[in-house]
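**Q** Pasting a structure below so you can have a look.
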Amino acid sequence: MYTVLPDIRTMIEHKLTSNKAAKITGWVITAIVALLFISSAFFKFFPNEQGLAQVKAMGIELSAFQFLGVIELITIALYVYPRTGVLGSLLLIAYLGGVMATHLVVHQPLVIPIVLQVLVWISAAIRFPELTARLRKVF
């Protein structure tokens, strides 16, 4: 009987440790994604000459480009705040779908938007287990 108690205690401690590690991992990924999008929005508000040339080559006006920066900041704010994190995740995933479509049209590599989208999915799966549970029911 006494040998069972340490095993249960070990299992509980392992569960708490792995839960804590998962939370930390989710927040680290969230911070990385947030920093990347904040820097992207910054460069949309204050573009350099090379950035302006690329935007013009894509056929995007500067005002539309800056509006995309506003959208990025709003979605990142929703993504980072825990109460609106699921909505922010879904909006970021949709935004990155548009980024991929734009990259396809102008024949640019898709690696960065795909990696970002995978990071958003991973962080959403870790931070919001209810979202993962709903998706499992669908599939």
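Ordering of the structure tokens sets the chain letters (A, B, ...), residue numbers begin anew at 1 in every chain, and ligands are numbered from 1 in the order given.
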Any idea what's packed within 12 Å of Leu90 in chain A, counting only C-alpha atoms, ignoring anything in its chain fewer than 3 positions away? Could you give it as a list in words?

**A**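 Answer for this query is Thr75, Ile76, Leu78, Tyr79, Thr84, Gly85, Val86, Leu87, Ile93, Ala94, Tyr95, Leu96, Gly97, Gln117, Val120, Trp121, Ser123, Ala124, Ala125, Phe128 and Leu131 of chain A.
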
**Q** Considering only C-alpha atoms, can you say which of A:Ile24, A:Gly59, A:Thr30, A:Leu73 comes closest to Phe43 in chain A?

**A**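 Closest to Phe43 in chain A of all the choices is A:Leu73.
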
**Q** Would you mind telling me which residue in A:Phe42, A:Arg127, A:Ala21, A:Glu49 lies nearest to Arg83 in chain A when using only C-alpha atoms?

**A**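 Result for the nearest residue to Arg83 in chain A: A:Arg127.
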
**Q** List every residue of range 56-101 of chain A that DSSP, applied to the backbone of this structure, places in alpha helix (DSSP H), and write the result as number ranges by chain.

**A** A: 56-58, 62-80, 85-101

**Q** Take the selection from the previous step and output its residues with N, CA and C atoms, as a CSV table (one decimal), in the first residue's frame.

**A**
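Output file selection.csv is given in full below:
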chain,number,residue,atom,x,y,z
A,56,LYS,N,6.1,48.5,-54.3
A,56,LYS,CA,5.7,49.1,-55.6
A,56,LYS,C,5.7,48.0,-56.7
A,57,ALA,N,6.7,47.1,-56.6
A,57,ALA,CA,6.8,46.0,-57.6
A,57,ALA,C,5.6,45.0,-57.5
A,58,MET,N,5.1,44.9,-56.3
A,58,MET,CA,3.9,44.0,-56.0
A,58,MET,C,2.6,44.7,-56.5
A,62,LEU,N,1.2,52.5,-50.9
A,62,LEU,CA,1.7,52.7,-49.6
A,62,LEU,C,0.7,52.7,-48.5
A,63,SER,N,-0.5,53.4,-48.8
A,63,SER,CA,-1.5,53.5,-47.8
A,63,SER,C,-2.1,52.1,-47.5
A,64,ALA,N,-2.3,51.2,-48.5
A,64,ALA,CA,-2.7,49.9,-48.3
A,64,ALA,C,-1.7,49.1,-47.5
A,65,PHE,N,-0.5,49.3,-47.8
A,65,PHE,CA,0.6,48.6,-47.1
A,65,PHE,C,0.6,49.0,-45.6
A,66,GLN,N,0.4,50.2,-45.3
A,66,GLN,CA,0.4,50.7,-43.9
A,66,GLN,C,-0.9,50.1,-43.2
A,67,PHE,N,-2.0,50.0,-43.9
A,67,PHE,CA,-3.2,49.4,-43.4
A,67,PHE,C,-3.0,48.0,-43.0
A,68,LEU,N,-2.2,47.3,-43.8
A,68,LEU,CA,-1.8,45.9,-43.4
A,68,LEU,C,-1.0,45.9,-42.1
A,69,GLY,N,-0.2,46.9,-41.9
A,69,GLY,CA,0.5,47.0,-40.6
A,69,GLY,C,-0.5,47.2,-39.4
A,70,VAL,N,-1.5,48.0,-39.6
A,70,VAL,CA,-2.5,48.1,-38.6
A,70,VAL,C,-3.2,46.8,-38.3
A,71,ILE,N,-3.6,46.1,-39.4
A,71,ILE,CA,-4.2,44.8,-39.2
A,71,ILE,C,-3.3,43.8,-38.4
A,72,GLU,N,-2.0,43.8,-38.7
A,72,GLU,CA,-1.0,43.0,-38.0
A,72,GLU,C,-1.0,43.3,-36.5
A,73,LEU,N,-1.0,44.6,-36.2
A,73,LEU,CA,-0.9,45.0,-34.8
A,73,LEU,C,-2.2,44.6,-34.0
A,74,ILE,N,-3.3,44.8,-34.7
A,74,ILE,CA,-4.6,44.4,-34.0
A,74,ILE,C,-4.7,42.9,-33.8
A,75,THR,N,-4.3,42.1,-34.8
A,75,THR,CA,-4.4,40.6,-34.7
A,75,THR,C,-3.4,40.1,-33.7
A,76,ILE,N,-2.2,40.8,-33.6
A,76,ILE,CA,-1.2,40.3,-32.6
A,76,ILE,C,-1.7,40.7,-31.2
A,77,ALA,N,-2.3,41.8,-31.0
A,77,ALA,CA,-2.9,42.1,-29.7
A,77,ALA,C,-4.0,41.1,-29.3
A,78,LEU,N,-4.8,40.7,-30.2
A,78,LEU,CA,-5.8,39.7,-30.0
A,78,LEU,C,-5.2,38.4,-29.7
A,79,TYR,N,-4.1,38.0,-30.4
A,79,TYR,CA,-3.4,36.8,-30.3
A,79,TYR,C,-2.7,36.6,-28.9
A,80,VAL,N,-2.1,37.7,-28.5
A,80,VAL,CA,-1.3,37.6,-27.2
A,80,VAL,C,-2.2,37.6,-26.0
A,85,GLY,N,-7.3,35.1,-27.5
A,85,GLY,CA,-6.2,34.4,-28.1
A,85,GLY,C,-6.6,33.5,-29.3
A,86,VAL,N,-7.8,32.8,-29.1
A,86,VAL,CA,-8.3,31.9,-30.1
A,86,VAL,C,-8.6,32.7,-31.3
A,87,LEU,N,-9.4,33.8,-31.1
A,87,LEU,CA,-9.7,34.6,-32.3
A,87,LEU,C,-8.5,35.2,-32.9
A,88,GLY,N,-7.5,35.7,-32.1
A,88,GLY,CA,-6.3,36.2,-32.7
A,88,GLY,C,-5.5,35.2,-33.5
A,89,SER,N,-5.5,33.9,-33.0
A,89,SER,CA,-4.8,32.8,-33.7
A,89,SER,C,-5.5,32.6,-35.1
A,90,LEU,N,-6.8,32.5,-35.1
A,90,LEU,CA,-7.5,32.3,-36.3
A,90,LEU,C,-7.3,33.4,-37.3
A,91,LEU,N,-7.3,34.7,-36.8
A,91,LEU,CA,-7.1,35.8,-37.7
A,91,LEU,C,-5.7,35.8,-38.2
A,92,LEU,N,-4.7,35.5,-37.4
A,92,LEU,CA,-3.3,35.4,-37.9
A,92,LEU,C,-3.2,34.3,-39.0
A,93,ILE,N,-3.8,33.2,-38.7
A,93,ILE,CA,-3.8,32.1,-39.7
A,93,ILE,C,-4.4,32.6,-41.0
A,94,ALA,N,-5.5,33.3,-41.0
A,94,ALA,CA,-6.1,33.8,-42.2
A,94,ALA,C,-5.3,34.8,-42.9
A,95,TYR,N,-4.7,35.7,-42.1
A,95,TYR,CA,-3.8,36.7,-42.6
A,95,TYR,C,-2.6,36.1,-43.3
A,96,LEU,N,-2.0,35.1,-42.7
A,96,LEU,CA,-0.9,34.4,-43.3
A,96,LEU,C,-1.3,33.6,-44.6
A,97,GLY,N,-2.6,33.2,-44.7
A,97,GLY,CA,-3.1,32.6,-45.9
A,97,GLY,C,-3.0,33.7,-47.0
A,98,GLY,N,-3.4,34.9,-46.7
A,98,GLY,CA,-3.4,36.0,-47.7
A,98,GLY,C,-1.9,36.3,-48.1
A,99,VAL,N,-1.0,36.3,-47.1
A,99,VAL,CA,0.4,36.5,-47.4
A,99,VAL,C,0.9,35.5,-48.3
A,100,MET,N,0.5,34.2,-48.1
A,100,MET,CA,1.0,33.1,-49.0
A,100,MET,C,0.4,33.3,-50.4
A,101,ALA,N,-0.8,33.7,-50.5
A,101,ALA,CA,-1.4,34.0,-51.8
A,101,ALA,C,-0.7,35.1,-52.5

**Q** One decimal, in Å: what's the spacing between CA of Glu130 in chain A and CA of Asn19 in chain A?

**A**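 Spanning CA of Glu130 in chain A to CA of Asn19 in chain A is a straight-line distance of 14.7 Å.
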
**Q** At what distance in Å, to one decimal, does CA of His103 in chain A lie from CA of Ile122 in chain A?

**A**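 About the pair CA of Ile122 in chain A and CA of His103 in chain A: they are 22.5 Å apart.
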
**Q** From the list A:Ala133, A:Val106, A:Leu119, A:Ile60, which residue is nearest Trp27 in chain A when using only C-alpha atoms?

**A** A:Leu119
